[in-house]
$ cat run-v4.txt   # compact mmCIF, C-alpha atoms
# COMPACT_ATOMS: atom_id res chain seq x y z
CA MET N 1 -49.35 -38.19 -50.07
CA ALA N 2 -47.51 -37.96 -46.73
CA ALA N 3 -44.47 -36.38 -48.39
CA HIS N 4 -46.54 -33.65 -49.98
CA TRP N 5 -47.78 -31.90 -46.83
CA ARG N 6 -44.73 -29.61 -46.94
CA ASP N 7 -45.80 -27.99 -50.22
CA GLY N 8 -48.87 -26.40 -48.67
CA ALA N 9 -47.83 -26.13 -45.04
CA MET N 10 -44.52 -24.34 -44.94
CA GLU N 11 -45.48 -20.98 -46.42
CA PRO N 12 -48.47 -20.27 -44.13
CA ILE N 13 -46.51 -21.47 -41.09
CA TRP N 14 -43.63 -19.07 -41.91
CA LYS N 15 -46.20 -16.29 -42.40
CA PHE N 16 -47.82 -17.09 -39.07
CA VAL N 17 -44.46 -16.90 -37.30
CA GLU N 18 -43.53 -13.63 -39.04
CA GLN N 19 -46.82 -12.11 -37.89
CA TYR N 20 -46.54 -13.60 -34.41
CA MET N 21 -43.00 -12.31 -33.83
CA SER N 22 -43.86 -8.79 -34.99
CA GLN N 23 -45.32 -8.10 -31.54
CA PHE N 24 -41.91 -8.46 -29.86
CA ASP N 25 -38.89 -6.19 -29.66
CA ALA N 26 -35.91 -6.54 -32.00
CA SER N 27 -34.08 -8.96 -29.69
CA HIS N 28 -36.77 -11.58 -30.32
CA ASP N 29 -38.05 -10.68 -33.77
CA PHE N 30 -38.52 -12.65 -36.97
CA HIS N 31 -34.81 -12.18 -37.79
CA HIS N 32 -33.97 -14.10 -34.60
CA ILE N 33 -36.18 -16.93 -35.82
CA LYS N 34 -34.58 -16.93 -39.26
CA ARG N 35 -31.10 -16.99 -37.75
CA VAL N 36 -32.04 -19.89 -35.46
CA VAL N 37 -33.48 -21.83 -38.40
CA ALA N 38 -30.27 -21.18 -40.38
CA LEU N 39 -28.10 -22.26 -37.43
CA ALA N 40 -30.22 -25.37 -36.81
CA THR N 41 -29.87 -26.31 -40.47
CA THR N 42 -26.08 -25.85 -40.32
CA ILE N 43 -25.82 -27.95 -37.15
CA LEU N 44 -28.12 -30.66 -38.54
CA GLU N 45 -26.10 -31.02 -41.73
CA ALA N 46 -22.83 -31.23 -39.84
CA GLU N 47 -24.17 -33.66 -37.23
CA GLN N 48 -25.70 -35.96 -39.84
CA LYS N 49 -22.21 -36.50 -41.21
CA VAL N 50 -20.66 -37.51 -37.89
CA GLN N 51 -23.56 -38.82 -35.77
CA THR N 52 -24.66 -41.38 -38.34
CA GLU N 53 -26.22 -43.60 -35.68
CA ILE N 54 -28.80 -40.89 -34.84
CA ALA N 55 -31.78 -40.60 -37.21
CA TYR N 56 -32.57 -36.89 -37.04
CA ASN N 57 -35.90 -35.84 -38.51
CA LYS N 58 -35.27 -32.70 -40.52
CA ASP N 59 -38.91 -31.56 -40.42
CA ILE N 60 -38.91 -31.63 -36.63
CA VAL N 61 -35.66 -29.64 -36.49
CA LEU N 62 -36.89 -27.01 -38.94
CA LEU N 63 -40.39 -26.61 -37.51
CA ALA N 64 -39.28 -26.59 -33.88
CA ALA N 65 -36.65 -23.95 -34.68
CA LEU N 66 -39.30 -21.91 -36.48
CA LEU N 67 -41.83 -22.18 -33.65
CA HIS N 68 -39.64 -22.20 -30.56
CA ASP N 69 -40.66 -18.69 -29.43
CA VAL N 70 -44.39 -19.14 -29.94
CA GLY N 71 -45.81 -18.85 -26.43
CA ASP N 72 -42.49 -17.70 -24.92
CA LYS N 73 -42.97 -17.05 -21.20
CA LYS N 74 -40.86 -13.88 -21.26
CA TYR N 75 -43.49 -12.21 -23.43
CA GLU N 76 -46.77 -14.05 -22.97
CA SER N 77 -48.93 -13.66 -19.90
CA PRO N 78 -49.51 -16.92 -18.00
CA GLY N 79 -52.34 -19.01 -19.34
CA SER N 80 -52.48 -17.22 -22.67
CA ALA N 81 -50.70 -19.97 -24.57
CA ASP N 82 -52.83 -23.00 -25.23
CA ALA N 83 -50.92 -26.14 -24.30
CA ASN N 84 -51.51 -27.63 -27.75
CA ARG N 85 -51.18 -24.40 -29.68
CA ILE N 86 -48.23 -25.47 -31.82
CA HIS N 87 -49.62 -28.93 -32.51
CA ASP N 88 -52.98 -27.50 -33.53
CA LEU N 89 -51.44 -24.84 -35.77
CA LEU N 90 -49.38 -27.46 -37.56
CA ALA N 91 -52.29 -29.89 -37.87
CA THR N 92 -54.43 -27.11 -39.38
CA HIS N 93 -51.87 -26.75 -42.14
CA GLY N 94 -51.74 -30.46 -42.85
CA VAL N 95 -48.64 -31.45 -40.90
CA PRO N 96 -48.97 -35.14 -39.91
CA SER N 97 -49.99 -35.55 -36.30
CA ASP N 98 -46.87 -37.45 -35.14
CA ILE N 99 -44.62 -34.67 -36.45
CA ALA N 100 -46.90 -31.98 -35.05
CA SER N 101 -46.77 -33.61 -31.60
CA ALA N 102 -43.01 -33.97 -31.69
CA VAL N 103 -42.57 -30.33 -32.77
CA GLN N 104 -44.90 -29.16 -30.01
CA LEU N 105 -42.84 -31.04 -27.42
CA VAL N 106 -39.43 -30.03 -28.78
CA ALA N 107 -40.34 -26.36 -29.36
CA THR N 108 -41.71 -25.92 -25.85
CA THR N 109 -38.65 -27.60 -24.27
CA VAL N 110 -36.04 -25.35 -25.93
CA SER N 111 -36.07 -22.62 -23.26
CA TYR N 112 -32.94 -22.10 -21.18
CA SER N 113 -34.82 -21.10 -18.04
CA SER N 114 -37.07 -24.17 -18.24
CA GLU N 115 -33.97 -26.35 -18.54
CA VAL N 116 -32.37 -24.73 -15.48
CA LYS N 117 -35.61 -25.20 -13.52
CA ASN N 118 -36.23 -28.75 -14.65
CA PRO N 119 -33.27 -30.41 -16.38
CA GLY N 120 -34.90 -33.83 -16.03
CA ALA N 121 -37.69 -32.83 -18.42
CA VAL N 122 -35.10 -31.93 -21.05
CA THR N 123 -33.30 -35.25 -20.63
CA GLU N 124 -36.60 -37.08 -21.12
CA VAL N 125 -37.51 -35.21 -24.31
CA LEU N 126 -33.97 -35.58 -25.66
CA ALA N 127 -34.16 -39.35 -25.28
CA ARG N 128 -37.22 -39.40 -27.51
CA HIS N 129 -36.36 -36.49 -29.82
CA PRO N 130 -32.64 -35.90 -30.45
CA GLU N 131 -33.70 -32.91 -32.58
CA LEU N 132 -34.09 -30.93 -29.34
CA ALA N 133 -30.29 -30.83 -28.91
CA ILE N 134 -29.93 -29.14 -32.30
CA VAL N 135 -32.65 -26.54 -31.77
CA GLN N 136 -31.43 -25.68 -28.28
CA ASP N 137 -27.87 -25.24 -29.49
CA ALA N 138 -29.06 -23.07 -32.40
CA ASP N 139 -31.16 -20.85 -30.11
CA ARG N 140 -28.30 -20.45 -27.63
CA LEU N 141 -25.73 -19.70 -30.33
CA ASP N 142 -27.91 -16.74 -31.31
CA ALA N 143 -27.61 -15.48 -27.72
CA ILE N 144 -23.80 -15.25 -27.86
CA GLY N 145 -21.19 -13.65 -30.12
CA ALA N 146 -21.71 -10.21 -31.66
CA ILE N 147 -25.39 -10.90 -32.25
CA GLY N 148 -25.82 -12.00 -28.64
CA ILE N 149 -24.21 -8.73 -27.53
CA GLY N 150 -26.60 -6.78 -29.75
CA ARG N 151 -29.55 -8.76 -28.43
CA VAL N 152 -28.77 -8.37 -24.74
CA PHE N 153 -28.60 -4.57 -24.98
CA THR N 154 -31.63 -4.40 -27.29
CA TYR N 155 -33.66 -6.44 -24.81
CA GLY N 156 -32.34 -4.29 -21.97
CA GLY N 157 -33.40 -1.11 -23.75
CA ALA N 158 -36.80 -2.45 -24.75
CA LYS N 159 -37.90 -4.53 -21.80
CA ALA N 160 -35.57 -4.21 -18.86
CA GLY N 161 -34.79 -0.51 -18.46
CA GLU N 162 -34.20 -0.82 -14.75
CA ARG N 163 -31.38 -3.27 -15.44
CA GLY N 164 -29.28 -0.51 -17.05
CA MET N 165 -26.35 -1.19 -19.34
CA ARG N 166 -24.27 -2.61 -16.52
CA GLY N 167 -27.12 -5.02 -15.79
CA CYS N 168 -26.90 -6.15 -19.42
CA LEU N 169 -23.18 -6.74 -19.03
CA GLU N 170 -23.81 -8.71 -15.84
CA HIS N 171 -26.29 -10.87 -17.75
CA LEU N 172 -23.57 -11.44 -20.35
CA GLU N 173 -21.01 -12.33 -17.67
CA GLU N 174 -23.30 -14.48 -15.57
CA LYS N 175 -25.40 -16.31 -18.13
CA LEU N 176 -24.20 -15.92 -21.69
CA VAL N 177 -20.60 -17.00 -21.17
CA ARG N 178 -21.92 -20.22 -19.60
CA LEU N 179 -24.01 -21.31 -22.57
CA GLU N 180 -21.00 -22.86 -24.27
CA GLY N 181 -20.80 -25.40 -21.45
CA MET N 182 -24.43 -26.40 -22.03
CA MET N 183 -24.08 -27.10 -25.76
CA LYS N 184 -25.30 -30.58 -26.62
CA THR N 185 -23.94 -31.22 -30.10
CA GLY N 186 -20.32 -31.28 -31.24
CA THR N 187 -21.08 -28.69 -33.91
CA GLY N 188 -22.82 -26.45 -31.37
CA LYS N 189 -19.82 -26.68 -29.02
CA GLN N 190 -17.45 -25.80 -31.83
CA LEU N 191 -19.46 -22.76 -32.97
CA ALA N 192 -19.96 -21.65 -29.36
CA ARG N 193 -16.21 -21.55 -28.70
CA GLU N 194 -15.51 -18.63 -31.03
CA ARG N 195 -18.70 -16.77 -30.10
CA THR N 196 -17.90 -17.10 -26.40
CA ARG N 197 -14.38 -15.80 -27.05
CA ARG N 198 -16.06 -12.75 -28.62
CA LEU N 199 -18.09 -12.18 -25.45
CA GLU N 200 -14.88 -12.35 -23.44
CA VAL N 201 -13.08 -9.88 -25.71
CA PHE N 202 -16.06 -7.54 -25.41
CA GLN N 203 -16.02 -7.84 -21.60
CA GLY N 204 -12.32 -6.88 -21.61
CA TRP N 205 -13.02 -3.80 -23.72
CA TRP N 206 -15.90 -2.81 -21.46
CA LYS N 207 -13.74 -3.00 -18.34
CA GLU N 208 -11.12 -0.78 -19.95
CA GLU N 209 -13.70 1.79 -21.01
CA TRP N 210 -15.94 2.03 -17.95
CA PRO N 211 -14.37 4.54 -15.53
CA VAL N 212 -12.64 2.82 -12.61
CA ASP N 213 -14.51 4.80 -9.97
CA GLY N 214 -17.81 4.69 -11.88
CA GLU N 215 -20.59 3.36 -9.69
CA MET V 1 -14.87 34.63 -2.42
CA ALA V 2 -15.01 33.87 -6.16
CA ALA V 3 -13.14 30.62 -5.63
CA HIS V 4 -15.63 29.41 -3.04
CA TRP V 5 -18.70 29.10 -5.23
CA ARG V 6 -17.73 25.50 -6.03
CA ASP V 7 -18.20 24.38 -2.43
CA GLY V 8 -21.92 25.03 -2.49
CA ALA V 9 -22.68 24.66 -6.19
CA MET V 10 -21.33 21.32 -7.31
CA GLU V 11 -23.40 18.97 -5.17
CA PRO V 12 -26.83 20.40 -6.06
CA ILE V 13 -25.86 20.63 -9.74
CA TRP V 14 -24.82 16.96 -9.77
CA LYS V 15 -28.10 16.08 -8.01
CA PHE V 16 -30.08 18.07 -10.57
CA VAL V 17 -28.38 16.22 -13.45
CA GLU V 18 -28.92 12.83 -11.79
CA GLN V 19 -32.62 13.62 -11.41
CA TYR V 20 -32.88 15.09 -14.92
CA MET V 21 -31.24 12.10 -16.63
CA SER V 22 -33.44 9.59 -14.80
CA GLN V 23 -36.19 10.29 -17.35
CA PHE V 24 -34.12 8.84 -20.23
CA ASP V 25 -33.28 5.29 -21.26
CA ALA V 26 -30.02 3.59 -20.26
CA SER V 27 -28.17 4.82 -23.38
CA HIS V 28 -28.41 8.40 -22.09
CA ASP V 29 -28.57 7.96 -18.35
CA PHE V 30 -26.59 9.44 -15.46
CA HIS V 31 -23.86 6.85 -16.04
CA HIS V 32 -23.34 8.31 -19.52
CA ILE V 33 -22.88 11.73 -17.92
CA LYS V 34 -20.43 10.39 -15.36
CA ARG V 35 -18.42 8.64 -18.06
CA VAL V 36 -18.29 11.82 -20.17
CA VAL V 37 -17.15 13.85 -17.16
CA ALA V 38 -14.43 11.24 -16.48
CA LEU V 39 -13.32 11.26 -20.14
CA ALA V 40 -13.34 15.06 -20.29
CA THR V 41 -11.18 15.17 -17.17
CA THR V 42 -8.73 12.66 -18.68
CA ILE V 43 -8.53 14.63 -21.93
CA LEU V 44 -8.15 17.96 -20.12
CA GLU V 45 -5.28 16.69 -17.99
CA ALA V 46 -3.47 15.24 -21.00
CA GLU V 47 -4.04 18.30 -23.19
CA GLN V 48 -2.88 20.73 -20.49
CA LYS V 49 0.51 19.00 -20.60
CA VAL V 50 0.97 19.34 -24.36
CA GLN V 51 -1.19 22.33 -25.34
CA THR V 52 0.43 24.71 -22.88
CA GLU V 53 -0.46 27.76 -25.01
CA ILE V 54 -4.21 27.11 -24.50
CA ALA V 55 -5.67 28.27 -21.18
CA TYR V 56 -8.43 25.72 -20.59
CA ASN V 57 -10.91 26.58 -17.85
CA LYS V 58 -11.47 23.42 -15.85
CA ASP V 59 -14.81 24.60 -14.45
CA ILE V 60 -16.20 25.11 -17.92
CA VAL V 61 -15.01 21.66 -19.04
CA LEU V 62 -16.49 19.91 -16.03
CA LEU V 63 -19.81 21.76 -15.96
CA ALA V 64 -20.37 21.58 -19.70
CA ALA V 65 -19.65 17.82 -19.65
CA LEU V 66 -22.07 17.46 -16.74
CA LEU V 67 -24.84 19.48 -18.40
CA HIS V 68 -24.38 18.63 -22.09
CA ASP V 69 -27.55 16.50 -22.32
CA VAL V 70 -29.84 18.94 -20.51
CA GLY V 71 -32.34 19.94 -23.17
CA ASP V 72 -31.13 17.27 -25.66
CA LYS V 73 -33.24 17.49 -28.81
CA LYS V 74 -33.51 13.70 -29.15
CA TYR V 75 -35.56 13.58 -25.97
CA GLU V 76 -37.07 17.01 -25.39
CA SER V 77 -40.02 18.31 -27.37
CA PRO V 78 -39.26 21.52 -29.29
CA GLY V 79 -39.62 24.67 -27.24
CA SER V 80 -39.53 22.83 -23.90
CA ALA V 81 -35.96 23.85 -23.14
CA ASP V 82 -35.57 27.44 -22.10
CA ALA V 83 -32.73 29.07 -24.06
CA ASN V 84 -31.02 30.17 -20.85
CA ARG V 85 -31.89 27.12 -18.81
CA ILE V 86 -28.32 26.02 -18.07
CA HIS V 87 -27.10 29.53 -17.32
CA ASP V 88 -29.99 30.15 -14.96
CA LEU V 89 -29.55 26.86 -13.18
CA LEU V 90 -25.86 27.58 -12.61
CA ALA V 91 -26.50 31.16 -11.53
CA THR V 92 -29.07 29.95 -8.99
CA HIS V 93 -26.37 27.84 -7.38
CA GLY V 94 -23.89 30.70 -7.26
CA VAL V 95 -21.78 29.96 -10.32
CA PRO V 96 -20.31 33.28 -11.57
CA SER V 97 -22.20 34.65 -14.54
CA ASP V 98 -19.26 34.56 -17.01
CA ILE V 99 -18.70 30.87 -16.32
CA ALA V 100 -22.43 30.13 -16.43
CA SER V 101 -22.72 31.82 -19.83
CA ALA V 102 -19.72 29.96 -21.22
CA VAL V 103 -21.05 26.61 -19.94
CA GLN V 104 -24.48 27.35 -21.46
CA LEU V 105 -22.87 28.03 -24.84
CA VAL V 106 -20.43 25.08 -24.76
CA ALA V 107 -22.98 22.55 -23.44
CA THR V 108 -25.54 23.42 -26.09
CA THR V 109 -22.94 23.23 -28.89
CA VAL V 110 -21.69 19.71 -28.08
CA SER V 111 -24.27 17.86 -30.18
CA TYR V 112 -23.04 15.91 -33.22
CA SER V 113 -26.18 16.55 -35.26
CA SER V 114 -26.02 20.31 -34.60
CA GLU V 115 -22.39 20.28 -35.78
CA VAL V 116 -23.29 18.42 -38.97
CA LYS V 117 -26.12 20.89 -39.61
CA ASN V 118 -24.13 24.00 -38.77
CA PRO V 119 -20.36 23.43 -38.52
CA GLY V 120 -19.76 27.18 -38.65
CA ALA V 121 -21.46 27.68 -35.29
CA VAL V 122 -19.11 25.13 -33.72
CA THR V 123 -16.04 26.86 -35.19
CA GLU V 124 -17.21 30.16 -33.71
CA VAL V 125 -17.76 28.77 -30.22
CA LEU V 126 -14.46 26.87 -30.35
CA ALA V 127 -12.59 30.10 -31.10
CA ARG V 128 -13.96 31.60 -27.88
CA HIS V 129 -14.12 28.47 -25.75
CA PRO V 130 -11.50 25.78 -26.50
CA GLU V 131 -13.18 23.69 -23.77
CA LEU V 132 -15.80 22.71 -26.36
CA ALA V 133 -13.25 20.51 -28.18
CA ILE V 134 -12.67 18.52 -25.00
CA VAL V 135 -16.35 18.02 -24.13
CA GLN V 136 -17.26 17.07 -27.71
CA ASP V 137 -14.43 14.53 -27.86
CA ALA V 138 -15.46 13.07 -24.50
CA ASP V 139 -19.12 12.76 -25.53
CA ARG V 140 -18.18 11.11 -28.83
CA LEU V 141 -15.72 8.72 -27.22
CA ASP V 142 -18.63 7.42 -25.15
CA ALA V 143 -20.47 6.66 -28.41
CA ILE V 144 -17.76 4.29 -29.68
CA GLY V 145 -15.91 1.23 -28.39
CA ALA V 146 -17.68 -1.45 -26.38
CA ILE V 147 -19.75 1.14 -24.52
CA GLY V 148 -20.80 2.72 -27.82
CA ILE V 149 -21.91 -0.73 -29.03
CA GLY V 150 -23.93 -1.23 -25.87
CA ARG V 151 -25.45 2.23 -26.21
CA VAL V 152 -26.49 1.92 -29.85
CA PHE V 153 -28.44 -1.29 -29.21
CA THR V 154 -29.89 0.02 -25.94
CA TYR V 155 -31.15 3.14 -27.70
CA GLY V 156 -32.48 0.99 -30.55
CA GLY V 157 -34.38 -1.23 -28.12
CA ALA V 158 -35.73 1.68 -26.09
CA LYS V 159 -36.47 4.37 -28.64
CA ALA V 160 -36.05 3.14 -32.19
CA GLY V 161 -37.73 -0.27 -32.38
CA GLU V 162 -38.51 0.12 -36.06
CA ARG V 163 -34.78 0.41 -36.80
CA GLY V 164 -34.25 -3.22 -35.75
CA MET V 165 -30.86 -4.64 -34.84
CA ARG V 166 -29.58 -4.29 -38.39
CA GLY V 167 -30.57 -0.63 -38.28
CA CYS V 168 -28.40 -0.29 -35.17
CA LEU V 169 -25.49 -1.88 -37.00
CA GLU V 170 -26.01 0.50 -39.92
CA HIS V 171 -25.87 3.41 -37.50
CA LEU V 172 -22.60 2.01 -36.20
CA GLU V 173 -21.21 1.59 -39.74
CA GLU V 174 -22.47 4.92 -41.07
CA LYS V 175 -21.99 7.28 -38.16
CA LEU V 176 -19.99 5.84 -35.28
CA VAL V 177 -16.93 4.73 -37.25
CA ARG V 178 -16.64 8.31 -38.57
CA LEU V 179 -16.46 10.00 -35.20
CA GLU V 180 -12.72 9.34 -34.94
CA GLY V 181 -12.20 11.64 -37.95
CA MET V 182 -14.06 14.44 -36.15
CA MET V 183 -12.02 14.35 -32.96
CA LYS V 184 -10.61 17.76 -32.13
CA THR V 185 -7.94 17.08 -29.51
CA GLY V 186 -4.83 14.93 -29.84
CA THR V 187 -5.85 12.92 -26.78
CA GLY V 188 -9.36 12.41 -28.19
CA LYS V 189 -7.92 11.17 -31.51
CA GLN V 190 -5.64 8.76 -29.72
CA LEU V 191 -8.40 7.30 -27.54
CA ALA V 192 -10.75 7.13 -30.52
CA ARG V 193 -8.31 4.99 -32.54
CA GLU V 194 -8.60 1.93 -30.29
CA ARG V 195 -12.33 2.35 -29.73
CA THR V 196 -12.95 2.63 -33.47
CA ARG V 197 -10.89 -0.52 -34.02
CA ARG V 198 -13.25 -2.23 -31.58
CA LEU V 199 -16.24 -1.15 -33.65
CA GLU V 200 -14.55 -2.59 -36.73
CA VAL V 201 -13.80 -5.91 -35.02
CA PHE V 202 -17.42 -6.08 -33.90
CA GLN V 203 -18.65 -5.37 -37.45
CA GLY V 204 -16.50 -8.25 -38.72
CA TRP V 205 -17.95 -10.64 -36.13
CA TRP V 206 -21.47 -9.52 -37.00
CA LYS V 207 -20.95 -10.20 -40.68
CA GLU V 208 -19.69 -13.70 -39.93
CA GLU V 209 -22.65 -14.46 -37.68
CA TRP V 210 -25.58 -13.01 -39.62
CA PRO V 211 -26.78 -15.66 -42.12
CA VAL V 212 -25.64 -14.87 -45.67
CA ASP V 213 -29.13 -15.10 -47.10
CA GLY V 214 -30.77 -13.41 -44.11
CA GLU V 215 -32.83 -10.44 -45.24
$ encode --input "run-v4.txt" --output "structure tokens"
Amino acid sequence: MAAHWRDGAMEPIWKFVEQYMSQFDASHDFHHIKRVVALATTILEAEQKVQTEIAYNKDIVLLAALLHDVGDKKYESPGSADANRIHDLLATHGVPSDIASAVQLVATTVSYSSEVKNPGAVTEVLARHPELAIVQDADRLDAIGAIGIGRVFTYGGAKAGERGMRGCLEHLEEKLVRLEGMMKTGTGKQLARERTRRLEVFQGWWKEEWPVDGE
Amino acid sequence: MAAHWRDGAMEPIWKFVEQYMSQFDASHDFHHIKRVVALATTILEAEQKVQTEIAYNKDIVLLAALLHDVGDKKYESPGSADANRIHDLLATHGVPSDIASAVQLVATTVSYSSEVKNPGAVTEVLARHPELAIVQDADRLDAIGAIGIGRVFTYGGAKAGERGMRGCLEHLEEKLVRLEGMMKTGTGKQLARERTRRLEVFQGWWKEEWPVDGE
């Protein structure tokens, strides 16, 4: 019976996430979630071939990737996200409680800003759930490369007007180019290399195009 | 005396434009205006060296570049822009009436969508005011290259949420890559070549990064 929970659970959980993400702007929409799930799957498959000593749980990877923006602090007002929201949602749809708890913990530990604020918490979760490394790398890969460039300006236009386009470029120069150095899996590092190079090429173009005396 | 109008006119006109543009999102802000003025100046200087048979009026180039988004249809509701708004503004600040009229006509003929709708009108204005070619090229150069990429996603985030990020890329693929073919000055064509190549490189990156089966 335990193996059969996926048959009934996955479709309504995907639907929930699609509905949930429809409240956000295009930088954090359902396409972002689908890309992160695809990237997490790619990383998982590659890592399973080389990191044979680590027993990754595919359900945790997939569900945490799918749910990692549910309750995101950038969009939700404080206190609005129930601490057990993800666990309870999964349990409602028949996901076994141990997986639901692990997904809750992994999904809510993905955030870059939480890691910067409290890296120790990430280390602790990683020790128990190596899946976190995969989901974090997948989420951060979607913040760099051409798609990362599109997302930073989309977010700027939608939510951070006062930042201006130069503020978006500063975000790219100050945060996004550093994500490569925070990648936790070999596959993530490898994929991040090319995408970071793309950010750097873009920065070079920008500097050539922005007028020298432009304030 | 005629030569002295610039001393008093330019500062308040710049201030007016800065104030006017502050109502728009970062894809059409005062920085856009300053970049277009800088590009128009670059093109003018280059064209004056090779197109010695054309007598470009520098005041018309500069003022039309500065004022080309005043009354932009994308942002203004129909009827809100007075037909003589630009002329009257310039006249108030002491700009001679013949220059003010020419700037009014050139500035309101810059728009890409107006040209697509009524190319004949552009041809007519161009015959009387060759400065239009320079201002159009400058405005369109700011829509391509790295800055054009930043602008299309910023506008998407701010004003066209339903378009999504893929809608922004479609806009890039369907409209922006064609602007090079509409450039009217030799200098504009030359600058557009490299910026269009940048759009194409970006498109290639995007295709590699967006999951194959992503809807």
$ closest_atom_pairs --input "run-v4.txt" --of "chain V" --to "chain N" --cutoff "7 Å" --atoms "only C-alpha atoms" --output "CSV"
residue,atom,partner,partner_atom,distance
V:Asp25,CA,N:Gly161,CA,6.6
V:Ala26,CA,N:Gly164,CA,5.3
V:Arg35,CA,N:Pro211,CA,6.3
V:Ala38,CA,N:Pro211,CA,6.8
V:Ala146,CA,N:Trp206,CA,5.4
V:Ile147,CA,N:Trp206,CA,6.3
V:Gly150,CA,N:Phe153,CA,5.8
V:Phe153,CA,N:Thr154,CA,4.9
V:Thr154,CA,N:Gly157,CA,4.3
V:Tyr155,CA,N:Gly157,CA,6.2
V:Gly156,CA,N:Thr154,CA,6.4
V:Gly157,CA,N:Thr154,CA,4.3
V:Ala158,CA,N:Gly157,CA,4.3
V:Gly161,CA,N:Ala26,CA,6.5
V:Gly164,CA,N:Ala26,CA,5.3
V:Met165,CA,N:Ala26,CA,6.1
V:Phe202,CA,N:Ala146,CA,6.4
V:Trp205,CA,N:Ala146,CA,5.9
V:Trp206,CA,N:Ala146,CA,5.4
V:Pro211,CA,N:Arg35,CA,6.3
$ atom_distance --input "run-v4.txt" --atom1 "atom CA of N:Glu174" --atom2 "atom CA of N:His68"
23.5 Å
$ residues_around --input "run-v4.txt" --residues "N:Leu44" --least-positions-apart "2" --cutoff "12 Å" --atoms "only C-alpha atoms" --output "JSON, numbers by chain"
{"N": [36, 37, 38, 39, 40, 41, 42, 46, 47, 48, 49, 50, 51, 52, 54, 55, 56, 57, 58, 59, 60, 61, 62, 65, 130, 131, 132, 133, 134, 135, 136, 137, 138, 185, 186, 187, 188]}
$ atom_distance --input "run-v4.txt" --atom1 "atom CA of N:Ala143" --atom2 "atom CA of N:Ala107"
16.8 Å
$ residues_near_point --input "run-v4.txt" --point "(-16.9, 29.6, -30.7)" --cutoff "12 Å" --atoms "only C-alpha atoms" --output "list of chain:residue names"
V:Ala102, V:Val103, V:Leu105, V:Val106, V:Ala107, V:Thr108, V:Thr109, V:Val110, V:Glu115, V:Pro119, V:Gly120, V:Ala121, V:Val122, V:Thr123, V:Glu124, V:Val125, V:Leu126, V:Ala127, V:Arg128, V:His129, V:Pro130, V:Glu131, V:Leu132, V:Ala133
$ atom_distance --input "run-v4.txt" --atom1 "atom CA of V:Val95" --atom2 "atom CA of V:Glu11"
12.2 Å
$ closest_residue --input "run-v4.txt" --among "V:Leu67, V:Leu176, V:Met182, V:Val116" --to "V:Glu200" --atoms "only C-alpha atoms"
V:Leu176
$ closest_residue --input "run-v4.txt" --among "V:Phe30, V:Trp5, V:Tyr112, V:Phe16" --to "V:Leu89" --atoms "all atoms listed in the file"
V:Phe16
$ residues_near_point --input "run-v4.txt" --point "(-48.5, -28.3, -38.4)" --cutoff "12 Å" --atoms "all atoms listed in the file" --output "ChimeraX atom specification"
/N:5-6,8-14,16,59-60,62-64,66-67,84-104
